[in-house]
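> The following block contains the structure, expressed as structure tokens.
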Amino acid sequence: MPRVLGAFLIGSLLTASGSVAAGQLRVHALNGGPATFDPFKVPAGVNVIVFLFTSTECPISYRYAPEVRRLAAAFAPQGVVFRLIYADPAEKDAAVRDHMAAFAYAGTTEALRDPEHALVKFTGATITPEVAVYAHGRIQYRGRIDDRFVDFGVERPAPAHRDLADALAAVVAGKPVAQPSTQAIGCYIADTAR
């Protein structure tokens, strides 16, 4: 049964938008990588990181998998990398790998685990799915992928606003994000509900 569930209005506008020194935060790598990993370390040519907080148990996260794959593929040529962040301390590497395979994330996204919530605290994320777009040393956007979900269990046929796509288009163009914070709808990240 998914842990849950509810909408959470982001209480403060980008509370963690300050800069972070390389290597200051550590998360856990998968697939035989180092035991811990600097989530801000990127290959040459990558200028923007999308941290997508997700879960192996959240049905709203499941519904967004095709859109996440589409956005990751569309923005990769523009120097954007998508990193799926599994923040539930109870989720094991095997469950994360199974989730990645079930939703065909391999090849378009990277998976990291954040059981100590270092990245959760830095970004201020509380919901899955929730994104934080990091570029130029700070969080440029935090919130929903789009507005398809009005509330838990209430879904539009199609989104009216594609917030993440708009934010990424602005960031890669060197422009400010028009709406840098939106309300994420979904499942609470374990141990962060306030």
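Each chain of the structure tokens is named A, B, ... in the order shown, its residues numbered from 1; ligands are numbered from 1 in display order.
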Any idea what's packed within 12 Å of Ala169 in chain A, counting only C-alpha atoms, ignoring anything in its chain fewer than 3 positions away? Could you give it as a list of chain:residue names?
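Listed by chain and then number, they are A:Val48, A:Leu71, A:Ala74, A:Phe75, A:Ala76, A:Gln78, A:Gly79, A:Val80, A:Val133, A:Gln140, A:Tyr141, A:Arg162, A:Asp163, A:Leu164, A:Ala165, A:Asp166, A:Val172, A:Ala173, A:Gly174, A:Lys175, A:Pro176, A:Val177, A:Ala178.
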> Residues of range 19-167 of chain A classed as helix (DSSP H, G or I) by DSSP on the backbone are to be reported as number ranges by chain.
A: 59-63, 65-78, 93-102, 118-123, 163-167
> Restricting it to C-alpha atoms, dump the selection as a CSV table (one decimal), in the first residue's frame.

```
chain,number,residue,atom,x,y,z
A,59,PRO,CA,1.1,5.6,-8.2
A,60,ILE,CA,1.4,9.2,-9.3
A,61,SER,CA,5.1,8.7,-9.9
A,62,TYR,CA,4.2,5.7,-12.0
A,63,ARG,CA,1.9,7.8,-14.2
A,65,ALA,CA,7.2,7.8,-16.3
A,66,PRO,CA,6.4,8.3,-20.0
A,67,GLU,CA,6.6,12.1,-19.6
A,68,VAL,CA,9.9,11.9,-17.7
A,69,ARG,CA,11.4,9.7,-20.4
A,70,ARG,CA,10.2,12.1,-23.1
A,71,LEU,CA,11.6,15.2,-21.3
A,72,ALA,CA,14.9,13.5,-20.5
A,73,ALA,CA,15.3,12.5,-24.2
A,74,ALA,CA,14.2,15.9,-25.5
A,75,PHE,CA,16.5,17.9,-23.2
A,76,ALA,CA,19.6,15.7,-23.2
A,77,PRO,CA,21.1,17.3,-26.4
A,78,GLN,CA,20.8,20.6,-24.6
A,93,ASP,CA,18.8,-1.3,-4.5
A,94,ALA,CA,17.1,-4.3,-5.9
A,95,ALA,CA,13.7,-2.7,-5.7
A,96,VAL,CA,15.0,0.5,-7.3
A,97,ARG,CA,16.5,-1.6,-10.2
A,98,ASP,CA,13.2,-3.4,-10.7
A,99,HIS,CA,11.4,-0.1,-10.7
A,100,MET,CA,13.8,1.4,-13.3
A,101,ALA,CA,13.3,-1.7,-15.5
A,102,ALA,CA,9.5,-1.8,-15.1
A,118,ALA,CA,20.9,15.0,2.2
A,119,LEU,CA,19.5,16.0,-1.2
A,120,VAL,CA,15.9,16.0,0.1
A,121,LYS,CA,16.9,18.6,2.7
A,122,PHE,CA,19.0,20.6,0.3
A,123,THR,CA,16.2,20.9,-2.3
A,163,ASP,CA,5.9,23.5,-15.7
A,164,LEU,CA,9.1,21.4,-15.9
A,165,ALA,CA,9.4,21.7,-19.6
A,166,ASP,CA,8.9,25.5,-19.4
A,167,ALA,CA,11.5,25.8,-16.6
```
> May I ask which of the residues A:Cys58, A:Ala125, A:Ile145, A:Ala106 is the closest one to Gly186 in chain A, counting only C-alpha atoms?
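The closest residue to Gly186 in chain A is A:Cys58.
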> Any idea what the distance is between CA of Ile127 in chain A and CA of Ala111 in chain A?
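The value is 17.0 Å.
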> Write down as a PDB file with C-alpha atoms, in the first residue's frame the residues belonging to range 36-174 of chain A that are assigned strand (DSSP E) by DSSP computed on the backbone.

```pdb
ATOM      1  CA  VAL A  48      21.596  21.339 -15.853  1.00  0.00           C
ATOM      2  CA  ILE A  49      20.591  18.569 -13.432  1.00  0.00           C
ATOM      3  CA  VAL A  50      16.975  17.581 -12.901  1.00  0.00           C
ATOM      4  CA  PHE A  51      16.588  15.827  -9.566  1.00  0.00           C
ATOM      5  CA  LEU A  52      13.326  13.903  -9.758  1.00  0.00           C
ATOM      6  CA  PHE A  53      12.255  12.551  -6.384  1.00  0.00           C
ATOM      7  CA  THR A  54      10.372   9.333  -6.976  1.00  0.00           C
ATOM      8  CA  VAL A  80      20.392  18.380 -19.261  1.00  0.00           C
ATOM      9  CA  VAL A  81      20.681  15.193 -17.195  1.00  0.00           C
ATOM     10  CA  PHE A  82      17.807  13.588 -15.269  1.00  0.00           C
ATOM     11  CA  ARG A  83      18.587  11.868 -11.970  1.00  0.00           C
ATOM     12  CA  LEU A  84      15.885   9.838 -10.260  1.00  0.00           C
ATOM     13  CA  ILE A  85      16.253  10.193  -6.513  1.00  0.00           C
ATOM     14  CA  TYR A  86      14.826   7.399  -4.384  1.00  0.00           C
ATOM     15  CA  GLU A 110      20.222   7.818 -13.716  1.00  0.00           C
ATOM     16  CA  ALA A 111      19.134   6.427 -10.355  1.00  0.00           C
ATOM     17  CA  LEU A 112      20.492   7.415  -6.968  1.00  0.00           C
ATOM     18  CA  ARG A 113      19.327   6.657  -3.419  1.00  0.00           C
ATOM     19  CA  ILE A 127       6.614  14.775  -2.402  1.00  0.00           C
ATOM     20  CA  THR A 128       7.068  12.119  -5.061  1.00  0.00           C
ATOM     21  CA  GLU A 130       8.698  16.381  -7.289  1.00  0.00           C
ATOM     22  CA  VAL A 131      11.535  17.933  -9.278  1.00  0.00           C
ATOM     23  CA  ALA A 132      14.352  20.314  -8.483  1.00  0.00           C
ATOM     24  CA  VAL A 133      16.204  21.846 -11.426  1.00  0.00           C
ATOM     25  CA  TYR A 134      19.788  22.715 -10.499  1.00  0.00           C
ATOM     26  CA  ALA A 135      21.915  24.968 -12.720  1.00  0.00           C
ATOM     27  CA  ARG A 138      21.557  26.907  -7.419  1.00  0.00           C
ATOM     28  CA  ILE A 139      18.021  25.538  -7.589  1.00  0.00           C
ATOM     29  CA  GLN A 140      16.239  27.262 -10.489  1.00  0.00           C
ATOM     30  CA  TYR A 141      12.876  25.493 -10.178  1.00  0.00           C
ATOM     31  CA  ARG A 142      11.191  23.180  -7.674  1.00  0.00           C
ATOM     32  CA  GLY A 143       7.772  21.605  -7.874  1.00  0.00           C
ATOM     33  CA  PHE A 149      -2.935  16.058 -11.185  1.00  0.00           C
ATOM     34  CA  VAL A 150      -5.159  18.550  -9.392  1.00  0.00           C
ATOM     35  CA  ASP A 151      -5.220  16.520  -6.182  1.00  0.00           C
ATOM     36  CA  VAL A 154      -8.121  13.934  -9.361  1.00  0.00           C
ATOM     37  CA  GLU A 155      -6.535  14.027 -12.802  1.00  0.00           C
TER      38      GLU A 155
END
```
> In Å, rounded to a single decimal, give me how far CA of Asp147 in chain A is from CA of Ser181 in chain A.
12.6 Å
> Here is a test: counting only C-alpha atoms, which residue of A:Asn47, A:Phe40, A:His28, A:Tyr64 is nearest to Leu168 in chain A?
A:Asn47
